[in-house]
$ cat data33.txt   # compact mmCIF, C-alpha atoms
# COMPACT_ATOMS: atom_id res chain seq x y z
CA MET A 27 -26.73 11.88 -4.29
CA ASP A 28 -24.32 12.57 -1.47
CA ASN A 29 -24.84 9.07 -0.11
CA LEU A 30 -23.76 7.48 -3.38
CA PHE A 31 -20.22 8.74 -3.00
CA GLY A 32 -17.54 8.10 -0.42
CA GLU A 33 -13.93 8.75 0.41
CA LEU A 34 -11.34 6.07 1.04
CA ARG A 35 -7.80 6.42 2.32
CA LEU A 36 -4.61 4.59 1.34
CA GLY A 37 -1.92 5.63 3.78
CA HIS A 38 -1.46 9.37 3.27
CA LEU A 39 -3.47 9.34 0.03
CA ARG A 40 -7.09 10.37 0.00
CA LEU A 41 -9.15 8.87 -2.81
CA THR A 42 -12.19 11.00 -3.48
CA PRO A 43 -14.67 9.80 -6.10
CA LEU A 44 -14.01 11.35 -9.52
CA GLY A 45 -16.77 13.65 -10.68
CA ALA A 46 -18.42 13.70 -7.26
CA ARG A 47 -20.45 16.81 -6.58
CA ARG A 48 -22.91 17.83 -3.95
CA ARG A 49 -26.41 16.61 -4.66
CA THR A 50 -29.58 16.04 -2.75
CA LYS A 51 -30.06 12.71 -1.05
CA VAL A 52 -31.81 10.20 -3.29
CA THR A 53 -33.98 7.21 -2.56
CA ALA A 54 -33.34 3.69 -3.77
CA SER A 55 -36.11 4.04 -6.36
CA GLN A 56 -34.60 7.25 -7.76
CA ALA A 57 -31.18 5.62 -8.00
CA ALA A 58 -32.63 2.53 -9.68
CA ALA A 59 -34.46 4.74 -12.19
CA GLU A 60 -31.18 6.46 -13.04
CA TYR A 61 -29.38 3.16 -13.54
CA THR A 62 -32.03 1.88 -15.95
CA GLY A 63 -32.98 5.14 -17.68
CA ARG A 64 -29.59 6.84 -17.93
CA TRP A 65 -27.15 3.93 -18.18
CA GLY A 66 -29.39 1.19 -19.57
CA TRP A 67 -28.51 -1.27 -16.81
CA THR A 68 -30.86 -3.94 -15.54
CA VAL A 69 -31.61 -3.65 -11.83
CA ALA A 70 -33.44 -5.85 -9.37
CA THR A 71 -35.14 -4.91 -6.13
CA GLY A 72 -34.39 -6.72 -2.90
CA ALA A 73 -35.78 -6.83 0.59
CA PRO A 74 -34.43 -4.32 3.14
CA ALA A 75 -31.34 -5.44 5.00
CA GLY A 76 -32.79 -4.34 8.31
CA SER A 77 -30.86 -2.80 11.16
CA ALA A 78 -28.66 -5.78 11.96
CA THR A 79 -25.24 -6.28 10.48
CA ALA A 80 -25.40 -8.07 7.16
CA PRO A 81 -24.82 -11.83 7.57
CA THR A 82 -21.35 -13.18 6.89
CA ARG A 83 -22.87 -16.13 5.03
CA CYS A 84 -25.85 -15.64 2.78
CA PRO A 85 -28.72 -18.15 2.69
CA CYS A 86 -27.87 -18.64 -0.99
CA GLY A 87 -24.94 -20.77 0.19
CA SER A 88 -22.16 -18.75 -1.46
CA ASP A 89 -19.25 -17.90 0.82
CA ARG A 90 -18.47 -14.84 -1.31
CA CYS A 91 -21.94 -13.52 -2.03
CA ALA A 92 -21.64 -9.80 -2.80
CA ALA A 93 -25.18 -9.04 -1.64
CA PRO A 94 -25.63 -11.12 1.52
CA GLY A 95 -29.27 -11.41 2.51
CA LEU A 96 -30.33 -9.03 -0.27
CA HIS A 97 -31.36 -11.31 -3.08
CA PRO A 98 -34.11 -10.09 -5.40
CA VAL A 99 -37.75 -10.41 -4.49
CA PRO A 100 -39.78 -12.45 -7.02
CA GLY A 101 -40.40 -10.37 -10.13
CA GLY A 102 -38.15 -7.65 -8.80
CA GLU A 103 -36.17 -6.95 -11.95
CA ASP A 104 -36.83 -3.64 -13.69
CA ARG A 105 -39.30 -2.59 -10.97
CA SER A 106 -37.30 0.47 -9.98
CA ARG A 107 -40.38 2.58 -9.31
CA GLU A 108 -41.61 0.13 -6.72
CA THR A 109 -38.44 0.12 -4.65
CA GLY A 110 -39.30 1.30 -1.16
CA ALA A 111 -37.19 3.75 0.77
CA GLY A 112 -35.72 0.94 2.84
CA GLY A 113 -35.40 -1.56 0.03
CA SER A 114 -32.24 -2.57 -1.77
CA VAL A 115 -31.15 -2.02 -5.36
CA LEU A 116 -29.15 -4.83 -6.93
CA PHE A 117 -27.16 -5.22 -10.12
CA PRO A 118 -27.50 -8.66 -11.76
CA THR A 119 -23.97 -9.42 -12.93
CA GLY A 120 -23.18 -11.25 -16.15
CA ARG A 121 -25.36 -8.97 -18.28
CA ALA A 122 -24.07 -5.44 -18.81
CA PHE A 123 -20.96 -6.22 -16.77
CA ASP A 124 -19.18 -8.63 -14.43
CA VAL A 125 -17.57 -7.48 -11.19
CA LEU A 126 -14.01 -8.14 -9.96
CA ASP A 127 -14.10 -8.22 -6.15
CA VAL A 128 -10.91 -7.62 -4.10
CA PRO A 129 -9.90 -6.48 -0.58
CA GLU A 130 -10.20 -2.73 -0.12
CA GLN A 131 -6.51 -1.99 0.48
CA ALA A 132 -5.38 -4.08 -2.47
CA GLY A 133 -8.03 -2.45 -4.63
CA LEU A 134 -6.95 1.05 -3.62
CA GLN A 135 -3.30 0.29 -4.36
CA ALA A 136 -4.21 -1.18 -7.74
CA LEU A 137 -6.51 1.74 -8.58
CA VAL A 138 -3.78 4.31 -7.90
CA ARG A 139 -1.31 2.36 -10.05
CA LEU A 140 -3.77 1.80 -12.90
CA GLU A 141 -4.74 5.45 -13.10
CA ARG A 142 -1.10 6.57 -12.96
CA MET A 143 -0.41 4.27 -15.91
CA GLY A 144 -3.29 5.85 -17.81
CA THR A 145 -5.43 2.70 -17.81
CA GLN A 146 -9.10 3.44 -18.33
CA VAL A 147 -10.79 2.06 -15.22
CA GLY A 148 -14.55 1.62 -15.27
CA PRO A 149 -17.00 2.24 -12.43
CA VAL A 150 -15.84 1.07 -9.00
CA LEU A 151 -18.14 0.18 -6.11
CA ALA A 152 -17.13 0.59 -2.47
CA PRO A 153 -19.38 -1.54 -0.26
CA PRO A 154 -18.95 -1.12 3.51
CA THR A 155 -17.51 -4.62 3.84
CA GLY A 156 -13.81 -3.87 3.35
CA ARG A 157 -13.94 -4.73 -0.36
CA LEU A 158 -13.77 -2.88 -3.68
CA GLN A 159 -15.67 -4.02 -6.75
CA PHE A 160 -14.49 -3.15 -10.28
CA LEU A 161 -17.05 -3.30 -13.08
CA VAL A 162 -15.60 -5.04 -16.15
CA ALA A 163 -16.93 -6.43 -19.42
CA ALA A 164 -19.37 -9.31 -19.10
CA GLY A 165 -17.92 -12.81 -19.43
CA ALA A 166 -14.94 -12.21 -17.14
CA ALA A 167 -16.14 -14.63 -14.47
CA ARG A 168 -16.26 -17.48 -16.96
CA ARG A 169 -12.76 -16.70 -18.26
CA LEU A 170 -11.15 -15.85 -14.91
CA PRO A 171 -9.27 -19.17 -14.38
CA ASP A 172 -7.81 -18.99 -17.89
CA LEU A 173 -6.90 -15.30 -17.54
CA LEU A 174 -5.09 -15.94 -14.25
CA TYR A 175 -3.30 -18.92 -15.80
CA ARG A 176 -2.08 -16.87 -18.75
CA MET A 177 -0.79 -14.19 -16.36
CA GLY A 178 1.00 -16.69 -14.17
CA TRP A 179 -1.30 -16.36 -11.14
CA ASP A 180 -3.13 -19.66 -11.47
CA ASP A 181 -1.31 -21.29 -8.54
CA ALA A 182 -1.36 -18.23 -6.24
CA ALA A 183 -3.74 -18.00 -3.28
CA LEU A 184 -5.44 -14.72 -4.16
CA ASP A 185 -8.36 -13.10 -2.36
CA LEU A 186 -9.85 -12.16 -5.72
CA THR A 187 -13.14 -13.30 -7.15
CA CYS A 188 -15.42 -12.37 -10.02
CA HIS A 189 -19.21 -12.14 -9.92
CA GLY A 190 -20.79 -13.17 -13.19
CA GLU A 191 -23.96 -14.73 -14.52
CA GLY A 192 -26.41 -15.67 -11.77
CA SER A 193 -24.90 -13.36 -9.12
CA TYR A 194 -25.84 -9.97 -7.75
CA VAL A 195 -23.99 -7.04 -6.21
CA ALA A 196 -25.59 -4.34 -4.08
CA ALA A 197 -25.84 -0.94 -5.76
CA PRO A 198 -25.69 2.52 -4.17
CA PRO A 199 -27.40 3.71 -2.03
CA THR A 200 -28.31 0.26 -0.67
CA ALA A 201 -27.39 -0.10 3.00
CA LEU A 202 -25.89 -3.39 4.18
CA GLY A 203 -27.46 -3.33 7.61
CA ALA A 204 -25.52 -1.50 10.29
CA LEU A 205 -22.37 -1.54 8.14
CA GLY A 206 -23.64 1.41 6.12
CA PRO A 207 -24.41 2.17 2.48
CA VAL A 208 -22.72 1.04 -0.70
CA ARG A 209 -21.02 3.97 -2.46
CA TRP A 210 -19.40 4.76 -5.77
CA LEU A 211 -15.63 5.28 -5.61
CA ARG A 212 -15.52 5.77 -9.38
CA ARG A 213 -18.97 6.56 -10.74
CA PRO A 214 -20.34 5.53 -14.13
CA THR A 215 -19.82 7.93 -17.04
CA ARG A 216 -20.93 8.09 -20.65
CA ASP A 217 -17.61 6.56 -21.67
CA ASN A 218 -17.58 3.55 -19.34
CA ALA A 219 -21.18 2.71 -18.44
CA GLY A 220 -22.00 1.03 -21.72
CA CYS A 221 -18.50 -0.27 -22.40
CA PRO A 222 -16.68 -1.29 -19.19
CA PRO A 223 -13.02 -2.31 -19.57
CA GLU A 224 -11.95 -5.84 -20.38
CA ALA A 225 -10.94 -7.68 -17.20
CA ARG A 226 -7.48 -8.51 -18.60
CA LEU A 227 -6.58 -4.79 -18.55
CA LEU A 228 -7.04 -4.60 -14.77
CA LEU A 229 -6.49 -8.16 -13.63
CA GLY A 230 -2.68 -8.27 -13.59
CA THR A 231 -2.42 -5.18 -11.38
CA LEU A 232 -5.24 -6.32 -9.12
CA ALA A 233 -3.75 -9.80 -8.75
CA TYR A 234 -0.33 -8.38 -7.86
CA ALA A 235 -1.84 -6.05 -5.25
CA CYS A 236 -3.81 -8.93 -3.73
CA HIS A 237 -0.68 -11.09 -3.66
CA ARG A 238 1.40 -8.38 -1.97
CA GLY A 239 -1.35 -7.76 0.55
CA ARG A 240 -1.41 -11.43 1.45
CA GLU A 241 2.39 -11.48 1.79
CA ARG A 242 2.34 -8.50 4.15
CA THR A 243 -0.34 -10.15 6.28
CA ALA A 244 1.82 -13.27 6.57
CA GLU A 245 4.95 -11.33 7.59
CA PRO A 246 5.91 -11.04 11.28
CA ALA A 247 4.84 -7.70 12.75
CA TRP A 248 8.44 -6.52 13.26
CA LEU A 249 9.27 -7.24 9.61
CA ALA A 250 6.05 -5.81 8.14
CA SER A 251 6.68 -2.53 9.92

$ encode --input "data33.txt" --output "structure tokens"
Amino acid sequence: MDNLFGELRLGHLRLTPLGARRRTKVTASQAAAEYTGRWGWTVATGAPAGSATAPTRCPCGSDRCAAPGLHPVPGGEDRSRETGAGGSVLFPTGRAFDVLDVPEQAGLQALVRLERMGTQVGPVLAPPTGRLQFLVAAGAARRLPDLLYRMGWDDAALDLTCHGEGSYVAAPPTALGALGPVRWLRRPTRDNAGCPPEARLLLGTLAYACHRGRERTAEPAWLAS
């Protein structure tokens, strides 16, 4: 499963997926079978993304669709054995988990801080779109406005969203067109696959990292350096 894992950098730090080991390359159908058989997750099959870069706006109409152009084919849920080599594997969010979606740099900074504090972080997806996606307990999307309000971030302009019921995220090793494959930065384990962390445990650190990233972007170049 070499193509399920990746390596991301944060300045001088190199973040290698925990528990990554050399494996043979797997197909989408093999990966989907593992997600359903080993972790008990529901998966859906989608049409291939093709060779073109994934669209910036999905036909579904959502500006922040996490699986642009890769929505499930009719009857595609739980049909992991029928997923073709070029097809996509999707996680329907809002069931086993929701997904907090943040810019890659902010996500990396938050991940380092959370792990240094000893916070148990669940699986983390690294799509090739400059984002990181943190799997959290289902229901987070519905409670996100209230959670941000309670933490004092309700009036902040944060590039942070949560995919919940009715949404999908692309799963490894799905390729988003010419951008490349989705990878695991933190892979599922026995401890976190069936019980992802509550969003409130990660949200404060993620929100702060997103806020600081936005502030740095707004600073003049001479000051930011």

$ closest_residue --input "data33.txt" --among "A:Leu126, A:Leu134, A:Ala201, A:Val162" --to "Gly113 (chain A)" --atoms "only C-alpha atoms"
A:Ala201

$ closest_residue --input "data33.txt" --among "A:Gly203, A:Thr231, A:Leu140, A:Ala197" --to "Ala58 (chain A)" --atoms "all atoms listed in the file"
A:Ala197

$ residues_around --input "data33.txt" --residues "region 163-177 of chain A" --least-positions-apart "3" --cutoff "6 Å" --atoms "all atoms listed in the file" --output "list of chain:residue names"
A:Gly120, A:Phe123, A:Asp124, A:Asp180, A:Cys188, A:Gly190, A:Pro222, A:Pro223, A:Glu224

$ residues_around --input "data33.txt" --residues "His237 (chain A)" --least-positions-apart "6" --cutoff "12 Å" --atoms "only C-alpha atoms" --output "mmCIF file with C-alpha atoms, in the frame of the given file"
data_model
loop_
_atom_site.group_PDB
_atom_site.id
_atom_site.type_symbol
_atom_site.label_atom_id
_atom_site.label_comp_id
_atom_site.auth_asym_id
_atom_site.auth_seq_id
_atom_site.Cartn_x
_atom_site.Cartn_y
_atom_site.Cartn_z
ATOM 1 C CA VAL A 128 -10.910 -7.620 -4.100
ATOM 2 C CA PRO A 129 -9.900 -6.480 -0.580
ATOM 3 C CA GLN A 131 -6.510 -1.990 0.480
ATOM 4 C CA ALA A 132 -5.380 -4.080 -2.470
ATOM 5 C CA GLY A 133 -8.030 -2.450 -4.630
ATOM 6 C CA GLN A 135 -3.300 0.290 -4.360
ATOM 7 C CA ALA A 136 -4.210 -1.180 -7.740
ATOM 8 C CA TRP A 179 -1.300 -16.360 -11.140
ATOM 9 C CA ASP A 180 -3.130 -19.660 -11.470
ATOM 10 C CA ASP A 181 -1.310 -21.290 -8.540
ATOM 11 C CA ALA A 182 -1.360 -18.230 -6.240
ATOM 12 C CA ALA A 183 -3.740 -18.000 -3.280
ATOM 13 C CA LEU A 184 -5.440 -14.720 -4.160
ATOM 14 C CA ASP A 185 -8.360 -13.100 -2.360
ATOM 15 C CA LEU A 186 -9.850 -12.160 -5.720
ATOM 16 C CA LEU A 229 -6.490 -8.160 -13.630
ATOM 17 C CA GLY A 230 -2.680 -8.270 -13.590
ATOM 18 C CA THR A 231 -2.420 -5.180 -11.380
ATOM 19 C CA THR A 243 -0.340 -10.150 6.280
ATOM 20 C CA ALA A 244 1.820 -13.270 6.570
#

$ closest_residue --input "data33.txt" --among "A:Gly220, A:Gly66, A:Pro98, A:Gly206" --to "Thr155 (chain A)" --atoms "only C-alpha atoms"
A:Gly206

$ atom_distance --input "data33.txt" --atom1 "CA of Thr71 (chain A)" --atom2 "CA of Thr200 (chain A)"
10.2 Å

$ atom_distance --input "data33.txt" --atom1 "CA of Leu202 (chain A)" --atom2 "CA of Val115 (chain A)"
11.0 Å

$ closest_residue --input "data33.txt" --among "A:Ala70, A:Ala225, A:Val52, A:Leu205" --to "Thr119 (chain A)" --atoms "all atoms listed in the file"
A:Ala70

$ closest_residue --input "data33.txt" --among "A:Ser114, A:Thr145, A:Gln159, A:Thr68" --to "Glu130 (chain A)" --atoms "all atoms listed in the file"
A:Gln159

$ residues_around --input "data33.txt" --residues "Ala92 (chain A)" --least-positions-apart "3" --cutoff "7 Å" --atoms "only C-alpha atoms" --output "PyMOL selection string"
chain A and resi 194-196

$ closest_residue --input "data33.txt" --among "A:Arg213, A:Arg226, A:Arg142, A:Arg240" --to "Tyr61 (chain A)" --atoms "only C-alpha atoms"
A:Arg213

$ atom_distance --input "data33.txt" --atom1 "CA of Gln56 (chain A)" --atom2 "CA of Leu137 (chain A)"
28.6 Å

$ residues_around --input "data33.txt" --residues "Trp65 (chain A)" --least-positions-apart "4" --cutoff "9 Å" --atoms "all atoms listed in the file" --output "PDB file with C-alpha atoms, in the frame of the given file"
ATOM      1  CA  GLU A  60     -31.180   6.460 -13.040  1.00  0.00           C
ATOM      2  CA  TYR A  61     -29.380   3.160 -13.540  1.00  0.00           C
ATOM      3  CA  PRO A 214     -20.340   5.530 -14.130  1.00  0.00           C
ATOM      4  CA  THR A 215     -19.820   7.930 -17.040  1.00  0.00           C
ATOM      5  CA  ARG A 216     -20.930   8.090 -20.650  1.00  0.00           C
ATOM      6  CA  ALA A 219     -21.180   2.710 -18.440  1.00  0.00           C
ATOM      7  CA  GLY A 220     -22.000   1.030 -21.720  1.00  0.00           C
TER       8      GLY A 220
END

$ decode --input "data33.txt" --residues "region 165-190 of chain A" --atoms "N, CA, C and O atoms" --output "short mmCIF file (atom, residue, chain, number, x, y, z; two decimals), in the first residue's frame"
data_model
loop_
_atom_site.label_atom_id
_atom_site.label_comp_id
_atom_site.auth_asym_id
_atom_site.auth_seq_id
_atom_site.Cartn_x
_atom_site.Cartn_y
_atom_site.Cartn_z
N GLY A 165 -21.37 13.72 13.73
CA GLY A 165 -22.19 14.75 14.36
C GLY A 165 -21.48 16.08 14.51
O GLY A 165 -22.11 17.08 14.88
N ALA A 166 -20.18 16.12 14.21
CA ALA A 166 -19.41 17.35 14.37
C ALA A 166 -19.88 18.45 13.43
O ALA A 166 -19.91 19.62 13.81
N ALA A 167 -20.24 18.10 12.21
CA ALA A 167 -20.66 19.12 11.24
C ALA A 167 -21.89 19.86 11.73
O ALA A 167 -21.99 21.08 11.59
N ARG A 168 -22.81 19.12 12.32
CA ARG A 168 -24.04 19.74 12.82
C ARG A 168 -23.76 20.67 13.99
O ARG A 168 -24.41 21.70 14.16
N ARG A 169 -22.77 20.32 14.82
CA ARG A 169 -22.47 21.10 16.02
C ARG A 169 -21.37 22.14 15.81
O ARG A 169 -21.05 22.88 16.76
N LEU A 170 -20.80 22.20 14.61
CA LEU A 170 -19.63 23.06 14.41
C LEU A 170 -19.88 24.52 14.77
O LEU A 170 -19.05 25.12 15.48
N PRO A 171 -20.98 25.16 14.32
CA PRO A 171 -21.18 26.57 14.70
C PRO A 171 -21.20 26.77 16.21
O PRO A 171 -20.62 27.74 16.73
N ASP A 172 -21.86 25.88 16.94
CA ASP A 172 -21.95 26.01 18.39
C ASP A 172 -20.59 25.77 19.04
O ASP A 172 -20.22 26.47 19.99
N LEU A 173 -19.83 24.79 18.52
CA LEU A 173 -18.50 24.52 19.08
C LEU A 173 -17.58 25.71 18.90
O LEU A 173 -16.85 26.10 19.82
N LEU A 174 -17.61 26.32 17.71
CA LEU A 174 -16.76 27.49 17.45
C LEU A 174 -17.19 28.67 18.33
O LEU A 174 -16.36 29.43 18.82
N TYR A 175 -18.49 28.80 18.54
CA TYR A 175 -19.00 29.88 19.40
C TYR A 175 -18.50 29.71 20.83
O TYR A 175 -18.03 30.66 21.46
N ARG A 176 -18.59 28.50 21.34
CA ARG A 176 -18.16 28.24 22.71
C ARG A 176 -16.66 28.45 22.90
O ARG A 176 -16.21 28.76 24.00
N MET A 177 -15.89 28.29 21.82
CA MET A 177 -14.44 28.47 21.89
C MET A 177 -14.00 29.88 21.54
O MET A 177 -12.81 30.18 21.55
N GLY A 178 -14.97 30.72 21.21
CA GLY A 178 -14.66 32.11 20.91
C GLY A 178 -14.21 32.37 19.48
O GLY A 178 -13.67 33.45 19.18
N TRP A 179 -14.49 31.43 18.57
CA TRP A 179 -14.07 31.59 17.17
C TRP A 179 -15.25 31.84 16.25
O TRP A 179 -15.11 31.79 15.03
N ASP A 180 -16.41 32.13 16.79
CA ASP A 180 -17.60 32.23 15.96
C ASP A 180 -17.56 33.42 15.01
O ASP A 180 -18.18 33.39 13.94
N ASP A 181 -16.83 34.48 15.37
CA ASP A 181 -16.79 35.66 14.51
C ASP A 181 -15.49 35.77 13.71
O ASP A 181 -15.21 36.78 13.08
N ALA A 182 -14.67 34.71 13.74
CA ALA A 182 -13.40 34.72 13.01
C ALA A 182 -13.61 34.13 11.61
O ALA A 182 -14.41 33.22 11.41
N ALA A 183 -12.89 34.70 10.64
CA ALA A 183 -12.95 34.19 9.27
C ALA A 183 -11.93 33.05 9.14
O ALA A 183 -10.76 33.28 8.88
N LEU A 184 -12.39 31.83 9.35
CA LEU A 184 -11.51 30.68 9.35
C LEU A 184 -11.73 29.82 8.11
O LEU A 184 -12.87 29.56 7.72
N ASP A 185 -10.63 29.39 7.51
CA ASP A 185 -10.72 28.45 6.38
C ASP A 185 -10.79 27.04 6.97
O ASP A 185 -9.85 26.25 6.89
N LEU A 186 -11.91 26.76 7.59
CA LEU A 186 -12.12 25.49 8.28
C LEU A 186 -13.56 25.07 8.04
O LEU A 186 -14.48 25.85 8.27
N THR A 187 -13.73 23.86 7.59
CA THR A 187 -15.08 23.36 7.35
C THR A 187 -15.18 21.94 7.85
O THR A 187 -14.18 21.31 8.18
N CYS A 188 -16.40 21.43 7.92
CA CYS A 188 -16.61 20.06 8.39
C CYS A 188 -17.59 19.36 7.46
O CYS A 188 -18.67 19.88 7.17
N HIS A 189 -17.19 18.20 6.98
CA HIS A 189 -18.04 17.40 6.09
C HIS A 189 -18.80 16.40 6.94
O HIS A 189 -18.21 15.59 7.66
N GLY A 190 -20.12 16.48 6.85
CA GLY A 190 -20.98 15.61 7.64
C GLY A 190 -21.97 14.86 6.78
O GLY A 190 -21.67 14.48 5.64
#
